[in-house]
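**Q** Mind having a look at this structure? Questions to follow.
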Amino acid sequence: MIRLLNANFARMFKGKLFWICAAASVLLGLLEIIPNKKGDEYLLIPENYLFNLSGFFLLIIMSVLVGFFVGAEHGGVLRNKIIVGQKRITVYFTDLFTCCVGVLIIHILFVGTLLLTGFLCGGEFRLTAYEIISYELLRLTSLLSMCAFFTALTMLIPKKFVGAIAALMMIFVFFFISNSIPGRMFEIERKVEGGGGISTADIAEKEFLTVLQDTLPFGQHEQMRTCIHRLISIKECELAGKSHDIEVTYPIEIAQKSAIAFALTTAVGVLIFRRKDIK
């Protein structure tokens, strides 16, 4: 396994793909701050931009990294690894671990660039380092669960780079689903407010949509964005000596659902990959 990991990391860090994705994450961090620096009269709070549109583009960068890195093994590389005596489960987990490390570095580069740029641009931080790290660890669990999904998807599609395209397309599918859920939830709530009552099927659908939204990456990102903005508002009120009735809860369930999604996706991926005909 160590030999496979060494080969994987050498291929990742010596190739252009990882460094292009790393540069893209740094650029994303810069673009979250620099356009919002509007002059000395405008107070720049860097934390406001941690969970902005970056969540969508981070997933795109990640899908490109994982999809093309794993997809490059199709066309004989996977088959050769198995022929020389490597177990399929070992091959799978080394690829998954390598991709997770790559995603971790991409995430650190983005967050570090954003916060450092915000500081250099004269931004004032409202959250403590502990609070920022806590939310970013939550985001990391969400990203790693998607990394496991993209790895499984790419490993199981035998066409070179087709898995990468499929992973990229799934981001837009998840985005569409997440955007459609609030509308359907509103329709169910309107039934109750209109006095029409709510059926057992509606209750079951509402519970399912809630769990689905809490599991999908964009639903998780929206929860974190809302919570961190509320927390910043509380700190602003406290600094101004104003009272407030803002409530904020730490969405720890994101980590729980992400861990479950990671485990289930990996288990299904391994089971199918062990029985798959490798060409």
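We name chains A, B, ... following the order of the structure tokens; residues begin at 1 in each chain, and ligands are numbered from 1 as shown.
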Which residues come within 10 Å of segment 235-237 of chain A, counting only C-alpha atoms, excluding same-chain residues fewer than 6 positions away, as a count of residues only?
**A** 6
**Q** Could you state the separation of atom CA of Ile260 of chain A and atom CA of Ser145 of chain A in Å, given to one decimal place?
**A** 8.4 Å
**Q** List every residue of segment 194-252 of chain A that has an atom at most 8 Å from any atom of segment 169-174 of chain A, and for each one report the closest atom pair and its distance in Å to one decimal, counting only C-alpha atoms, with rows sorted by chain and then by increasing residue number, as CSV.
**A**
```
residue,atom,partner,partner_atom,distance
A:Leu216,CA,A:Phe174,CA,6.8
A:Pro217,CA,A:Phe174,CA,7.6
A:Phe218,CA,A:Phe174,CA,7.3
```
**Q** Need to verify the contact set: segment 11-28 of chain A, 9 Å, only C-alpha atoms, exclusion of same-chain residues closer than 5 positions in sequence. Can you return it as JSON, numbers by chain?
**A** {"A": [6, 54, 57, 58, 61, 62, 64, 65, 68, 69, 98, 99, 102, 105, 106, 107, 109, 110, 111, 112, 113, 114]}
**Q** Point out the residue among A:Ala164, A:Leu239, A:Met1, A:Ile181 with the least atom-to-atom distance to Ala152 of chain A, counting only C-alpha atoms.
**A** A:Ala164
**Q** Can you work out the spacing between atom CA of Ile45 of chain A and atom CA of Ser233 of chain A in Å, to one decimal?
**A**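 The value is 11.1 Å.
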**Q** For a test of reading the model, state the distance in Å between atom CA of Val101 of chain A and atom CA of Ser178 of chain A, rounded to one decimal.
**A**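 Spanning atom CA of Val101 of chain A to atom CA of Ser178 of chain A is a straight-line distance of 27.1 Å.
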**Q** Would you please give, as a PyMOL selection string, all residues of segment 84-153 of chain A that DSSP assigns to alpha helix (DSSP H) based on the backbone?
**A** chain A and resi 88-120+129-153
**Q** In terms of the shortest atom-to-atom distance over only C-alpha atoms, which of A:Met155, A:Leu209, A:Cys227, A:Leu138 is closest to Glu253 of chain A?
**A**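 Distance minimum relative to Glu253 of chain A lands on A:Leu138.
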**Q** With only C-alpha atoms as the atoms that count, which of A:Phe273, A:Phe56, A:Tyr42, A:Phe93 lies nearest to Leu143 of chain A?
**A**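 Distance minimum relative to Leu143 of chain A lands on A:Phe56.
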**Q** So which one's closest to Leu50 of chain A, A:Arg79, A:Arg184, A:Lys191, A:His221? Using only C-alpha atoms, please.
**A**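 When distances to Leu50 of chain A are compared using only C-alpha atoms, the smallest one comes from A:His221.
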